[in-house]
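Structure data follow from upload-v4.txt (compact mmCIF, C-alpha atoms and all ligand atoms):
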```txt
# COMPACT_ATOMS: atom_id res chain seq x y z
CA MET H 1 10.79 -0.78 -26.67
CA PRO H 2 11.96 1.28 -23.74
CA LEU H 3 9.26 2.32 -21.33
CA ARG H 4 8.94 6.07 -21.42
CA LEU H 5 7.86 7.62 -18.18
CA GLY H 6 7.82 11.30 -18.87
CA SER H 7 4.37 11.84 -17.62
CA ILE H 8 3.41 10.40 -14.24
CA ARG H 9 4.81 9.34 -10.67
CA GLN H 10 3.10 9.25 -7.91
CA THR H 11 2.57 -2.45 6.11
CA ALA H 12 4.99 -4.72 6.96
CA ALA H 13 8.61 -4.85 8.09
CA LEU H 14 10.88 -7.46 6.52
CA CYS H 15 14.20 -7.31 8.24
CA SER H 16 15.75 -5.27 13.45
CA THR H 17 18.57 -2.46 18.01
CA PRO H 18 18.29 -1.11 21.36
CA ARG H 19 18.70 2.61 22.09
CA ARG H 20 21.57 4.05 24.01
CA PRO H 21 22.17 7.50 25.44
CA LEU H 22 24.72 10.18 24.54
CA LEU H 23 27.86 9.31 22.67
CA VAL H 24 30.73 11.41 21.50
CA THR H 25 33.21 9.85 19.10
CA THR H 26 36.14 11.54 17.50
CA ALA H 27 37.45 9.98 14.32
CA THR H 28 40.74 11.21 12.89
CA CYS H 29 41.92 10.69 9.34
CA ARG H 30 45.61 10.26 8.60
CA SER H 31 47.19 13.65 8.03
CA ARG H 32 44.03 15.76 8.14
CA ALA H 33 40.24 15.98 8.16
CA MET H 34 38.69 15.14 11.49
CA ALA H 35 35.06 14.24 11.82
CA THR H 36 33.40 14.56 15.20
CA VAL H 37 30.41 12.34 15.68
CA SER H 38 28.20 13.45 18.49
CA GLY H 39 24.55 13.37 19.41
CA GLN H 40 21.93 11.21 21.02
CA SER H 41 20.56 7.96 19.74
CA PHE H 42 17.17 8.46 18.21
CA ARG H 43 14.15 6.77 16.71
CA LEU H 44 13.56 7.24 13.02
CA ALA H 45 10.25 6.64 11.30
CA MET H 46 9.65 6.57 7.56
CA ILE H 47 6.25 6.74 5.93
CA GLN H 48 5.95 4.76 2.71
CA LEU H 49 3.03 6.85 1.59
CA ALA H 50 0.56 5.80 -1.10
CA ALA H 51 -0.66 8.46 -3.48
CA VAL H 52 -4.40 9.08 -3.24
CA GLY H 53 -6.10 7.70 -6.38
CA ASP H 54 -3.99 8.52 -9.43
CA GLY H 55 -1.92 10.98 -7.39
CA SER H 56 -3.25 14.04 -9.15
CA ASP H 57 -5.25 15.52 -6.25
CA LYS H 58 -2.73 17.58 -4.31
CA ALA H 59 -5.10 18.46 -1.46
CA ALA H 60 -5.96 14.79 -0.98
CA ASN H 61 -2.27 13.77 -1.02
CA LEU H 62 -1.46 16.43 1.56
CA ALA H 63 -4.39 15.44 3.79
CA HIS H 64 -3.28 11.81 3.61
CA ALA H 65 0.31 12.73 4.49
CA LYS H 66 -0.96 14.70 7.51
CA GLU H 67 -3.07 11.75 8.62
CA MET H 68 -0.12 9.37 8.27
CA VAL H 69 2.22 11.62 10.25
CA ALA H 70 -0.40 11.66 13.05
CA GLU H 71 -0.52 7.86 12.91
CA THR H 72 3.28 7.58 12.87
CA VAL H 73 3.82 9.64 16.02
CA LYS H 74 1.76 7.06 17.93
CA GLY H 75 4.91 4.96 17.58
CA GLY H 76 3.63 1.75 16.02
CA LYS H 77 3.22 -1.52 17.95
CA GLU H 78 5.74 -0.52 20.60
CA GLY H 79 4.05 2.82 21.14
CA ARG H 80 7.37 4.69 21.12
CA LYS H 81 7.14 8.09 19.50
CA PRO H 82 9.79 8.71 16.85
CA ASP H 83 12.14 11.69 17.00
CA VAL H 84 12.52 12.06 13.25
CA VAL H 85 9.81 11.35 10.66
CA VAL H 86 10.47 11.08 6.92
CA LEU H 87 8.11 11.27 3.93
CA PRO H 88 8.89 10.10 0.35
CA GLU H 89 9.98 11.92 -2.78
CA ILE H 90 7.38 14.00 -4.66
CA PHE H 91 4.52 12.96 -2.39
CA ASN H 92 2.09 15.78 -3.22
CA SER H 93 2.17 15.49 -7.02
CA PRO H 94 2.36 12.85 -9.74
CA TYR H 95 5.98 11.92 -10.46
CA ALA H 96 6.12 13.18 -14.02
CA THR H 97 8.30 15.76 -15.70
CA ASN H 98 5.32 17.44 -17.36
CA MET H 99 3.54 17.83 -14.01
CA PHE H 100 6.25 19.39 -11.87
CA ARG H 101 5.67 23.00 -12.92
CA LYS H 102 1.91 22.66 -12.54
CA TYR H 103 2.27 21.40 -8.97
CA ALA H 104 5.22 23.60 -8.01
CA GLU H 105 4.85 25.99 -5.09
CA ARG H 106 6.77 29.14 -4.24
CA ILE H 107 8.41 28.65 -0.86
CA GLY H 108 10.71 31.65 -0.62
CA TRP H 109 13.39 29.93 1.52
CA THR H 110 17.07 30.20 0.67
CA PRO H 111 20.11 29.30 2.78
CA GLU H 112 20.99 33.02 2.84
CA THR H 113 17.60 34.15 4.14
CA LYS H 114 16.79 31.16 6.31
CA ASP H 115 17.05 33.04 9.62
CA SER H 116 14.37 35.51 8.62
CA PHE H 117 12.09 32.95 6.95
CA ASP H 118 8.56 33.02 8.34
CA VAL H 119 6.42 29.93 7.64
CA ALA H 120 3.25 31.97 8.21
CA LYS H 121 4.13 34.15 5.23
CA THR H 122 5.03 31.48 2.66
CA GLU H 123 2.72 30.97 -0.31
CA SER H 124 3.33 27.21 -0.11
CA GLU H 125 0.38 25.26 1.26
CA SER H 126 2.52 22.12 1.52
CA ILE H 127 5.16 23.89 3.62
CA LYS H 128 2.48 25.30 5.92
CA LEU H 129 0.89 21.89 6.42
CA LEU H 130 4.21 20.13 7.09
CA SER H 131 5.33 22.83 9.49
CA GLU H 132 2.07 22.52 11.43
CA ALA H 133 2.46 18.73 11.59
CA ALA H 134 6.05 18.97 12.92
CA LYS H 135 5.01 21.55 15.51
CA GLU H 136 1.81 19.82 16.60
CA HIS H 137 3.58 16.49 17.14
CA GLY H 138 6.93 17.85 18.31
CA VAL H 139 9.03 15.86 15.82
CA TRP H 140 11.73 16.58 13.29
CA LEU H 141 10.10 16.18 9.92
CA ILE H 142 12.05 15.55 6.72
CA GLY H 143 9.09 16.37 4.51
CA GLY H 144 9.79 14.13 1.53
CA SER H 145 10.07 16.30 -1.52
CA ILE H 146 7.78 18.57 -3.51
CA PRO H 147 8.13 20.53 -6.73
CA GLU H 148 9.35 24.03 -5.85
CA LEU H 149 9.10 27.17 -7.99
CA SER H 150 11.99 29.52 -7.33
CA GLU H 151 11.98 33.31 -7.41
CA ASP H 152 13.73 33.15 -10.81
CA ASP H 153 11.05 30.81 -12.17
CA LYS H 154 12.99 27.54 -12.11
CA VAL H 155 11.46 24.33 -10.85
CA TYR H 156 13.33 22.19 -8.29
CA ASN H 157 12.71 18.85 -6.62
CA SER H 158 12.95 20.08 -3.04
CA SER H 159 13.04 18.41 0.35
CA PRO H 160 12.09 20.62 3.32
CA THR H 161 13.20 19.79 6.89
CA PHE H 162 11.33 21.14 9.92
CA ASP H 163 12.48 21.17 13.53
CA LYS H 164 10.25 20.20 16.46
CA GLN H 165 8.88 23.75 16.66
CA GLY H 166 7.83 23.65 13.02
CA ASN H 167 10.60 25.95 11.77
CA LEU H 168 11.74 25.31 8.22
CA VAL H 169 15.45 24.80 8.89
CA ALA H 170 16.60 23.43 5.54
CA ILE H 171 15.59 22.79 1.98
CA HIS H 172 17.57 20.31 -0.05
CA ARG H 173 17.12 20.84 -3.78
CA LYS H 174 17.90 17.58 -5.58
CA VAL H 175 21.43 18.11 -6.80
CA HIS H 176 21.74 15.30 -9.33
CA LEU H 177 18.82 15.11 -11.70
CA PHE H 178 17.45 11.70 -12.63
CA ASP H 179 18.31 11.52 -16.34
CA ILE H 180 18.70 7.91 -17.38
CA SER H 181 17.89 5.70 -20.33
CA ILE H 182 18.12 1.95 -19.94
CA PRO H 183 17.18 -0.01 -23.10
CA ASN H 184 14.14 -2.19 -22.43
CA GLY H 185 14.00 -0.65 -18.99
CA ILE H 186 13.27 2.95 -18.16
CA THR H 187 13.87 6.34 -19.68
CA PHE H 188 13.39 9.37 -17.49
CA LYS H 189 14.72 12.86 -17.90
CA GLU H 190 14.08 15.18 -14.98
CA SER H 191 16.20 17.86 -16.62
CA GLU H 192 13.39 18.33 -19.19
CA THR H 193 11.67 20.49 -16.61
CA LEU H 194 13.76 20.57 -13.43
CA THR H 195 16.92 22.42 -12.44
CA GLY H 196 19.51 20.83 -10.17
CA GLY H 197 20.17 22.33 -6.75
CA ASP H 198 23.55 23.76 -5.91
CA TRP H 199 24.12 23.18 -2.22
CA GLN H 200 24.70 20.29 0.13
CA THR H 201 22.29 19.86 3.02
CA LEU H 202 23.36 18.97 6.55
CA VAL H 203 20.83 19.48 9.31
CA ASP H 204 22.07 20.07 12.86
CA THR H 205 19.79 18.29 15.29
CA GLU H 206 20.17 17.42 18.97
CA HIS H 207 20.66 13.86 17.70
CA GLY H 208 23.63 14.77 15.53
CA LYS H 209 24.04 16.05 12.01
CA ILE H 210 21.77 14.47 9.42
CA GLY H 211 22.58 14.76 5.73
CA VAL H 212 19.68 14.98 3.29
CA GLY H 213 19.77 13.91 -0.36
CA ILE H 214 17.02 13.01 -2.81
CA CYS H 215 16.86 9.66 -4.61
CA TYR H 216 19.35 9.79 -7.51
CA ASP H 217 21.69 11.81 -5.22
CA VAL H 218 22.45 8.49 -3.49
CA ARG H 219 24.35 7.32 -6.56
CA PHE H 220 26.99 10.00 -6.04
CA PRO H 221 29.27 8.74 -3.27
CA GLU H 222 30.89 12.16 -2.86
CA LEU H 223 27.72 13.67 -1.41
CA ALA H 224 27.48 11.09 1.37
CA MET H 225 31.26 11.00 1.85
CA THR H 226 31.62 14.74 2.33
CA ALA H 227 28.58 14.75 4.65
CA ALA H 228 30.18 12.02 6.76
CA ARG H 229 33.51 13.83 6.77
CA LYS H 230 31.67 16.92 8.04
CA GLY H 231 30.27 14.84 10.89
CA ALA H 232 26.94 13.49 9.62
CA VAL H 233 25.74 10.40 11.52
CA ALA H 234 23.16 9.54 8.90
CA MET H 235 22.14 10.24 5.33
CA VAL H 236 18.41 10.31 4.69
CA TYR H 237 17.06 10.23 1.15
CA PRO H 238 13.39 10.69 0.23
CA ALA H 239 13.40 8.57 -2.93
CA ALA H 240 11.38 6.71 -5.54
CA PHE H 241 13.37 4.07 -7.42
CA ASN H 242 11.61 2.16 -10.18
CA LEU H 243 11.02 -1.45 -11.14
CA THR H 244 14.19 -1.61 -13.32
CA THR H 245 16.85 -0.18 -11.00
CA GLY H 246 15.04 -0.89 -7.72
CA PRO H 247 15.63 -4.64 -7.62
CA LEU H 248 19.20 -4.22 -8.85
CA HIS H 249 20.52 -1.23 -6.94
CA TRP H 250 18.20 0.02 -4.16
CA ASP H 251 19.73 -2.07 -1.35
CA LEU H 252 23.26 -1.97 -2.74
CA VAL H 253 23.64 1.80 -3.02
CA GLN H 254 22.41 2.27 0.54
CA ARG H 255 24.71 -0.43 1.92
CA ALA H 256 27.64 0.99 -0.01
CA ARG H 257 27.10 4.53 1.30
CA ALA H 258 26.66 3.10 4.84
CA ILE H 259 29.78 0.92 4.79
CA ASP H 260 32.11 3.34 3.03
CA ASN H 261 31.24 6.15 5.40
CA GLN H 262 30.33 4.14 8.51
CA ILE H 263 27.08 6.03 8.93
CA PHE H 264 23.38 5.14 8.93
CA VAL H 265 21.62 5.38 5.59
CA ALA H 266 17.86 5.52 5.07
CA MET H 267 15.72 5.79 1.96
CA CYS H 268 11.99 6.50 2.05
CA SER H 269 9.96 5.54 -1.02
CA PRO H 270 6.31 6.02 -1.93
CA ALA H 271 4.21 2.86 -1.93
CA ARG H 272 3.91 1.21 -5.34
CA ALA H 273 0.82 2.27 -7.30
CA THR H 274 -1.39 -0.74 -7.92
CA SER H 275 -3.21 0.61 -10.97
CA GLY H 276 -2.91 3.16 -13.74
CA ASP H 277 -0.04 3.79 -16.10
CA GLY H 278 1.80 6.22 -13.90
CA TYR H 279 5.21 5.82 -12.28
CA LYS H 280 5.60 2.57 -10.36
CA ALA H 281 7.89 3.03 -7.39
CA TRP H 282 10.01 0.17 -6.06
CA GLY H 283 8.95 0.78 -2.46
CA HIS H 284 11.13 -1.18 0.04
CA SER H 285 11.90 1.83 2.24
CA SER H 286 14.80 0.78 4.44
CA VAL H 287 17.37 1.73 7.06
CA TRP H 288 20.97 0.43 7.12
CA ASP H 289 23.50 0.63 9.92
CA PRO H 290 27.22 1.57 9.66
CA MET H 291 28.15 -2.11 9.21
CA GLY H 292 25.79 -2.41 6.24
CA ARG H 293 23.13 -4.37 8.11
CA CYS H 294 19.51 -3.81 7.26
CA LEU H 295 17.73 -2.59 10.40
CA GLU H 296 14.26 -2.47 8.89
CA GLN H 297 12.72 -2.74 5.45
CA LEU H 298 9.18 -2.53 4.12
CA ASP H 299 7.75 -4.32 1.11
CA GLU H 300 6.09 -2.35 -1.73
CA LYS H 301 2.82 -1.52 0.05
CA GLU H 302 1.93 1.51 2.10
CA GLY H 303 3.43 1.25 5.57
CA ILE H 304 5.39 2.84 8.37
CA LEU H 305 8.87 1.77 9.34
CA PHE H 306 10.53 2.43 12.71
CA ALA H 307 14.23 2.05 13.42
CA ASP H 308 16.43 2.89 16.39
CA ILE H 309 19.51 4.81 15.33
CA ASP H 310 21.98 3.73 17.98
CA LEU H 311 24.99 6.02 17.75
CA ASP H 312 27.14 3.45 19.61
CA ALA H 313 26.99 1.47 16.37
CA LEU H 314 28.97 4.25 14.68
CA LYS H 315 31.59 4.10 17.40
CA SER H 316 31.98 0.35 17.26
CA ALA H 317 31.99 0.19 13.43
CA ARG H 318 34.75 2.83 13.34
CA ALA H 319 36.72 1.17 16.15
CA GLY H 320 36.48 -2.28 14.60
CA ILE H 321 37.27 -1.25 11.04
CA PRO H 322 39.28 1.97 11.50
CA VAL H 323 39.29 3.21 7.92
CA THR H 324 38.77 6.76 9.18
CA VAL H 325 42.37 6.74 10.50
CA GLN H 326 43.87 4.58 7.77
CA ARG H 327 43.38 6.77 4.72
CA ARG H 328 46.48 7.34 2.58
CA PHE H 329 46.24 10.83 1.21
CA ASP H 330 49.95 10.56 0.50
CA VAL H 331 49.05 7.96 -2.17
CA TYR H 332 45.78 9.33 -3.56
CA ALA H 333 43.97 12.63 -3.35
CA ASP H 334 41.46 13.43 -0.65
CA VAL H 335 38.61 13.91 -3.07
CA SER H 336 36.27 15.02 -0.31
CA ASN H 337 38.33 18.19 -0.02
CA VAL H 338 36.90 18.60 3.49
CA LYS H 339 39.37 20.49 5.61
CA PRO H 340 39.82 19.70 9.30
O1 LIG H 401 18.78 6.04 -9.53
C1 LIG H 401 17.78 5.39 -9.82
O2 LIG H 401 17.84 4.26 -10.27
C2 LIG H 401 16.41 5.95 -9.61
C3 LIG H 401 16.45 7.40 -9.30
C4 LIG H 401 15.10 8.02 -9.20
O3 LIG H 401 14.08 7.40 -9.35
C5 LIG H 401 14.99 9.44 -8.88
O4 LIG H 401 16.00 10.13 -8.75
O5 LIG H 401 13.85 9.90 -8.72
```

Conversion result in structure tokens:
Amino acid sequence: MPLRLGSIRQTAALCSTPRRPLLVTTATCRSRAMATVSGQSFRLAMIQLAAVGDGSDKAANLAHAKEMVAETVKGGKEGRKPDVVVLPEIFNSPYATNMFRKYAERIGWTPETKDSFDVAKTESESIKLLSEAAKEHGVWLIGGSIPELSEDDKVYNSSPTFDKQGNLVAIHRKVHLFDISIPNGITFKESETLTGGDWQTLVDTEHGKIGVGICYDVRFPELAMTAARKGAVAMVYPAAFNLTTGPLHWDLVQRARAIDNQIFVAMCSPARATSGDGYKAWGHSSVWDPMGRCLEQLDEKEGILFADIDLDALKSARAGIPVTVQRRFDVYADVSNVKP
């Protein structure tokens, strides 16, 4: 009998790179499409956050996230403050299709109005809290994801990114909804209550462009490929795989996106719930380098992961295996459709 999970979702590193300063690499593809990789190496931290209790108390989840961001900026054992901090998918609400609307918040940000967006005026308590955390600690914050209620009354699974001053610079609305049914495994249908987003998210930081996707988005190679072709040095996915597809695919999809595109790939999961009949996340938040090596990975428990994103690794991966200049668009189509 397939497990039906329509209703609820909710420290230790297993596998380790020195930092280097500025790098500018130019990669050319045969005939067209040039991607310029530039930026500074940086330290990434991901918080594998545990839901508080059964995950239903939004205020408690938010307070815990705030506490964990404050802990993370202390920089772990090495005491080195991260530049970019990431939270997991749907961290302020249970992960359940019938809960999203109840927990959804009006944010009021759109790509068109982003320059006039004022955090102080948003109705969203989660956005206010995350913005304050980013500003207080002076870090980039990819704020996991939260259910968002749009002006036209649709609900999205949305990942907000804040700069070091606390400005909300991007929102990625999960593009590919998690609708799957695996016999004797898991059935989940986000489209019961969610709408898919309709833009790609690339965040310009002083460290380089970072692409943001959410969980199931990782299964669509085109999203990562086009981000890389537009110059992204990393794809970061707040995520929450499950106990069926996690052991099979979690590592593989990240390695595949990393190797194919010669970029860093990171996925940040919630910690696995230890009780209750709610969604059980795979955990295992991890970071992979452009050669497909695991830089750091957690187990299933709550924890904080730190990884150095050394942009020289992009240069050497692309020099050693120069697929970026070996493509044969005279033989097959350039499906990325990214123009130089
Ligand atoms: O792709 C998968 O196996 C899991 C995806 C997922 O859990 C999600 O999109 O929330």

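Minimum distance to ligand LIG 401 (chain H) across H:Val233, H:Leu177, H:Leu311, H:Val338 (counting all atoms listed in the file) occurs at H:Leu177.
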
Nearest to Glu302 of chain H: which of H:Leu168, H:Ala134, H:Ala50, H:Val37 is it, counting all atoms listed in the file?
H:Ala50

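Going from atom CA of Leu194 of chain H to atom CA of Asp217 of chain H covers 14.4 Å.
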
In the coordinate frame of the file, compute which residues have an atom within 12 Å of (4.8, 22.3, -17.2) when using all atoms listed in the file, and state them as number ranges by chain.
H: 6-7, 96-104, 147, 149, 153-155, 190, 192-194

For atom CA of Val287 of chain H and atom CA of Ala266 of chain H, the interatomic separation in Å (one decimal)
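Spanning atom CA of Val287 of chain H to atom CA of Ala266 of chain H is a straight-line distance of 4.3 Å.
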
Quick one: distance from atom CA of Ile171 of chain H to atom CA of Ser158 of chain H in Å, one decimal?
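For atom CA of Ile171 of chain H relative to atom CA of Ser158 of chain H, the distance reads 6.3 Å.
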
Give me the chain H side of the contact with ligand LIG 401 (chain H), cut-off 8 Å, one line per residue showing its nearest atom pair and distance in Å at one decimal, counting only C-alpha atoms and all ligand atoms, sorted by chain and residue number, as a tab-separated table.
```
residue	atom	partner	partner_atom	distance
H:Glu89	CA	H:LIG401	O5	7.4
H:His176	CA	H:LIG401	O4	7.7
H:Leu177	CA	H:LIG401	O4	6.4
H:Phe178	CA	H:LIG401	O4	4.4
H:Ile214	CA	H:LIG401	O4	6.7
H:Cys215	CA	H:LIG401	O4	4.3
H:Tyr216	CA	H:LIG401	O4	3.6
H:Asp217	CA	H:LIG401	O4	6.9
H:Val218	CA	H:LIG401	O1	7.5
H:Arg219	CA	H:LIG401	O1	6.4
H:Ala239	CA	H:LIG401	O5	6.0
H:Ala240	CA	H:LIG401	O3	4.7
H:Phe241	CA	H:LIG401	O3	3.9
H:Asn242	CA	H:LIG401	O3	5.9
H:Thr244	CA	H:LIG401	O2	7.6
H:Thr245	CA	H:LIG401	O2	4.6
H:Gly246	CA	H:LIG401	O2	6.4
H:His249	CA	H:LIG401	O2	7.0
H:Trp250	CA	H:LIG401	O2	7.4
H:Ala281	CA	H:LIG401	O3	7.8
```

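Of the listed residues H:Glu222, H:Asp204, H:Asp277, H:Asp163, the one whose atoms come nearest to Val175 of chain H is H:Glu222, with distances taken using all atoms listed in the file.
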
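For Gly213 of chain H, the non-local neighbours within 9 Å, defined as residues at least 3 positions apart in the same chain or in other chains and counting all atoms listed in the file, are Ser159, His172, Arg173, Lys174, Val175, Gln200, Thr201, Tyr216, Asp217, Val218, Leu223, Ala224, Met235, Val236, Tyr237, Pro238 and Ala239 of chain H.
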
Show me the residues around (0.2, 20.7, 16.8) - criterion: an atom at most 12 Å away, only C-alpha atoms counted - as a ChimeraX atom specification.
/H:66,69-70,73,129-139,164-166

Quick one: what's the axis-aligned box for segment 309-320 of chain H, all listed atoms, 4 Å on every side, centre and edges in Å to one decimal, as lines of an AutoDock Vina configuration file?
```
center_x = 28.1
center_y = 1.9
center_z = 16.5
size_x = 25.2
size_y = 16.3
size_z = 14.3
```

Which residue out of H:Phe264, H:Thr226, H:Ala120, H:Asp179 has the minimum interatomic distance to Thr195 of chain H when all atoms listed in the file are used?
H:Asp179

Residue nearest Ile210 of chain H - candidates H:Ala170, H:Leu252, H:Cys294, H:Ala333, atoms counted: only C-alpha atoms
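Among the listed residues, H:Ala170 lies closest to Ile210 of chain H.
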
Shortest interatomic distance to Asp54 of chain H - which of H:Ser41, H:Thr110, H:Thr122, H:Ser93, counting all atoms listed in the file
H:Ser93
